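Reviewing the structure listed below.
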Amino acid sequence: MTLDAVLSRIDDTLPEATDRLMDLLRIASISTDPAYNGDCAQAAAWLVQELKSLGFSASARPTPGHPMVVGRHAGEGRHILFYGHYDVQPVDPIELWERDPFDPVIQQGPKGPLIRARGASDDKGQLMTFLEACRAWKDVHGELPGNLTIFFEGEEESGSPSLIPFLQENREELSADLALICDTGLFSDHIPAIVTMLRGLAKVEFTIRAASKDLHSGMFGGVAINPIRVLTRILGGLHDDQGRVQVPGFYDDVAELPDAVAAQWQALGFDHASFLGGVDLTTPAGEVDRTPLEQIWSRPTAEINGIWGGYTGAGFKTVLPSQASAKVSFRLVSGQDPDKILPAFKAWIEAQLPPDCELIWSEPEGSPASTMSITDPAFDAARAALSDEWERPAAFVGCGGSIPIAGYFKEYLGMDAMLIGFGRDDDQIHSPNEKYDLESFHKGIRSWARILDRLSQQ
């Protein structure tokens with residue numbers, strides 16, 4: 001089988017592939033710090049040369065920030081766009097690193113050899129798994145696999161300020177039948193996953209104000225309204241005893257999890273006791289009639305992220321504060337609209353304000369959830385390919401957080417995305433001593449080769 005030849009080629013050339021990754025890791029492409037602008041440009045140029053060496057037409061496209069790298073190979077079959085990012089997080093605090101973050105090294109870890117460097121897992125090691133799969137494929141077949149566009153961003157770790165304008169300006173070139181995103185990880189050490197649900201986010205900061213100034217509690221206590229008391233009473237009622245959010249209409253557009261997906265999640269054997277025990281907790285605190293994985297992946301939440309008011313310094317100051325403030329955010333699921341949820345939350349607060357209190361509402365922010373259509377045959381093909389490589393059933397999973405690029409691809413380019421990655425929970429991304437297991441790199445390359453083979457047969 002030709003696939004066997006591609007996999008053998010990957011195995012035989014792993015040392016050379018690792019060397020290429022090490023070269024990329026030596027470039028300090030920290031996007032948020034202007035002192036590293038030259039390094040970001042260098043990383044983009046390095047990737048352009050790699051793409052060209054593989055047979056892509058490629059270029060680094062200027063933006064108001066860091067360059068976007070675009071590579072193109074016109075071939076047969078569905079048009080697939082692969083996305084990754086070449087920029088990395090700052091390395092602070094540098095004193096906690098065991099060695100220079102941009103002097104990559106292979107070390108022996110508890111699970112086998114690992115690559116230690118900033119960006120090893122997030123996201124240089126991940127994006128290189130796909131390029132190395134393409135390289136092995138071309139070595140065996142003499143040409144690249146199918147109809148491919150490569151898109152590497154240089155600002156993902158600094159808020160992607162240039163991304164949406166770039167997508168809008170290059171919509172025709174970048175639009176494809178399906179996107180592949182490599183900025184995720186395994187479900188557990190040896191169970192691969194495809195993320196098909198990403199929660200959205202809505203957030204707001206607000207203040208409840210009463211008296212024109214802070215008041216002496218001896219003179220005004222009992223007769224004057226205390227905004228902290230009002231704020232805590234309202235927010236204390238945000239959830240009922242069953243863990244359900246009490247904002248009217250909050251669940252109106254929330255769909256039930258499909259039975260087939262629920263069964264896959266149940267088969268994962270998620271150990272919530274171990275998950276919570278890692279942070280010294282014991283008991284799930286969300287909706288009591290939902291499993292812990294449902295609470296994390298497919299159910300919406302409301303969380304109080306910060307609350308303040310009055311005197312909080314050393315000692316004691318007996319005042320009735322004139323105002324109290326809070327930050328509240330909502331993780332949203334498919335069907336929920338931030339522009340509906342946030343006004344409903346505001347109205348819910350206003351309906352509970354006593355006389356003499358007013359609500360000061362900041363400019364809210366929100367982005368909807370993303371749910372991929374797993375009826376696309378590509379999803380089952382990729383799931384089968386991952387299961388073959390890892391010798392364990394791959395699962396369609398959710399993600400409790402938000403990965404904006406998937407939503408942007410849907411909104412601005414009209415395409416779904418498969419989010420497939422090979423990072424592990426202990427990779428320490430964004431932290432000192434980031435690493436990427438050599439097994440993740442090796443089997444990640446093999447996984448993409450299998451996925452490309454399956455997609456080419458559709």
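Every chain in the structure tokens has a letter given in the order shown (A, B, ...), and although residue numbers restart at 1 in each chain, ligands are simply numbered from 1 in the order shown.
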
* Shell around Met22 in chain A at 10 Å using only C-alpha atoms, local window under 2 positions removed, as a ChimeraX atom specification -> /A:16-20,24-27,102-106,115-117,120,124-125

Could you give me, as a PDB file with C-alpha atoms, in the first residue's frame, the residues within 9 Å of Met197 in chain A, counting only C-alpha atoms and dropping anything in the same chain fewer than 2 positions from it?
ATOM      1  CA  VAL A 195     -12.967  19.203  18.471  1.00  0.00           C
ATOM      2  CA  ARG A 199     -18.170  27.646  23.332  1.00  0.00           C
ATOM      3  CA  TRP A 297     -18.176  21.270  26.692  1.00  0.00           C
ATOM      4  CA  SER A 298     -21.841  21.612  25.771  1.00  0.00           C
ATOM      5  CA  VAL A 333     -23.144  27.213  23.272  1.00  0.00           C
ATOM      6  CA  SER A 334     -24.490  26.850  19.758  1.00  0.00           C
ATOM      7  CA  ALA A 369     -20.150  29.519  19.810  1.00  0.00           C
ATOM      8  CA  SER A 370     -19.002  27.374  16.893  1.00  0.00           C
ATOM      9  CA  THR A 371     -20.416  23.935  16.159  1.00  0.00           C
ATOM     10  CA  MET A 372     -19.122  21.945  13.205  1.00  0.00           C
ATOM     11  CA  PHE A 396     -15.687  14.009  18.598  1.00  0.00           C
ATOM     12  CA  VAL A 397     -15.280  16.277  21.620  1.00  0.00           C
ATOM     13  CA  GLY A 398     -16.133  19.757  22.774  1.00  0.00           C
ATOM     14  CA  CYS A 399     -13.914  22.514  24.077  1.00  0.00           C
ATOM     15  CA  GLY A 400     -14.833  24.554  27.121  1.00  0.00           C
TER      16      GLY A 400
END

* Please report, as number ranges by chain, each residue of range 60-285 of chain A to which DSSP assigns alpha helix (DSSP H) when run on this structure's backbone. => A: 124-141, 163-169, 171-174, 217-220, 227-236, 259-267, 272-277

* **All residues 6 Å or closer to Ser59 in chain A, only C-alpha atoms, same chain fewer than 3 positions away omitted, as a list in words** =>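 So the residues in contact are Val48, Val69 and Val70 of chain A.
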
Expected file contents, prior selection, C-alpha atoms, as a JSON list (two decimals), in the first residue's frame:
[["chain", "number", "residue", "atom", "x", "y", "z"],
["A", 48, "VAL", "CA", 7.80, 30.46, 3.07],
["A", 69, "VAL", "CA", 2.07, 33.18, 5.30],
["A", 70, "VAL", "CA", 0.00, 31.72, 2.48]]

* Skipping near chain neighbours, those fewer than 4 positions away, what residues fall within 10 Å of range 257-270 of chain A using only C-alpha atoms, listed as a ChimeraX atom specification? -> /A:187-188,191,274-275,291-294,298-299,393-398

Using C-alpha atoms, can you export the residues from the last selection as a JSON list (two decimals), in the first residue's frame?
[["chain", "number", "residue", "atom", "x", "y", "z"],
["A", 187, "PHE", "CA", -8.19, 14.08, 24.89],
["A", 188, "SER", "CA", -5.78, 12.15, 27.09],
["A", 191, "ILE", "CA", -6.80, 9.10, 22.98],
["A", 274, "SER", "CA", -9.15, 13.38, 39.32],
["A", 275, "PHE", "CA", -9.81, 16.47, 37.20],
["A", 291, "THR", "CA", -22.41, 15.08, 33.43],
["A", 292, "PRO", "CA", -19.15, 16.89, 34.12],
["A", 293, "LEU", "CA", -18.10, 16.71, 30.44],
["A", 294, "GLU", "CA", -21.43, 18.19, 29.39],
["A", 298, "SER", "CA", -21.84, 21.61, 25.77],
["A", 299, "ARG", "CA", -23.64, 23.62, 28.45],
["A", 393, "PRO", "CA", -11.20, 5.05, 19.14],
["A", 394, "ALA", "CA", -10.96, 8.75, 18.42],
["A", 395, "ALA", "CA", -13.83, 10.91, 19.67],
["A", 396, "PHE", "CA", -15.69, 14.01, 18.60],
["A", 397, "VAL", "CA", -15.28, 16.28, 21.62],
["A", 398, "GLY", "CA", -16.13, 19.76, 22.77]]

* Please provide the set of residues having any atom within 8 Å of Ser447 in chain A, restricted to only C-alpha atoms, with same-chain residues fewer than 5 positions apart removed, written as JSON, numbers by chain. => {"A": [385, 386, 389]}

* Nearest to Gly77 in chain A by atom-to-atom distance, counting only C-alpha atoms, from A:Asn147, A:Thr232, A:Ser362, A:Gln49 -> A:Asn147

Taking 2 positions as the minimum chain separation for residues in the same chain, which residues sit within 10 Å of Arg72 in chain A when counting only C-alpha atoms? Answer as an mmCIF file with C-alpha atoms, in the first residue's frame.
data_model
loop_
_atom_site.group_PDB
_atom_site.id
_atom_site.type_symbol
_atom_site.label_atom_id
_atom_site.label_comp_id
_atom_site.auth_asym_id
_atom_site.auth_seq_id
_atom_site.Cartn_x
_atom_site.Cartn_y
_atom_site.Cartn_z
ATOM 1 C CA LEU A 51 6.611 25.658 1.649
ATOM 2 C CA LYS A 52 8.385 26.472 -1.595
ATOM 3 C CA GLY A 55 6.240 22.611 -4.122
ATOM 4 C CA PHE A 56 3.777 25.177 -2.819
ATOM 5 C CA SER A 57 3.611 28.634 -4.320
ATOM 6 C CA ALA A 58 4.106 30.681 -1.160
ATOM 7 C CA SER A 59 4.646 34.197 0.126
ATOM 8 C CA VAL A 70 0.002 31.723 2.478
ATOM 9 C CA ALA A 74 -3.803 23.349 -6.850
ATOM 10 C CA GLY A 75 -4.642 19.664 -7.123
ATOM 11 C CA LEU A 81 -7.123 24.850 4.065
ATOM 12 C CA ASN A 147 -5.905 20.614 -3.389
ATOM 13 C CA LEU A 148 -4.261 22.466 -0.495
ATOM 14 C CA THR A 149 -3.946 25.976 0.880
ATOM 15 C CA ILE A 150 -1.655 26.631 3.833
ATOM 16 C CA PHE A 151 -2.347 29.613 6.087
ATOM 17 C CA GLU A 173 -8.247 33.026 -2.134
ATOM 18 C CA LEU A 174 -8.650 31.538 1.337
#
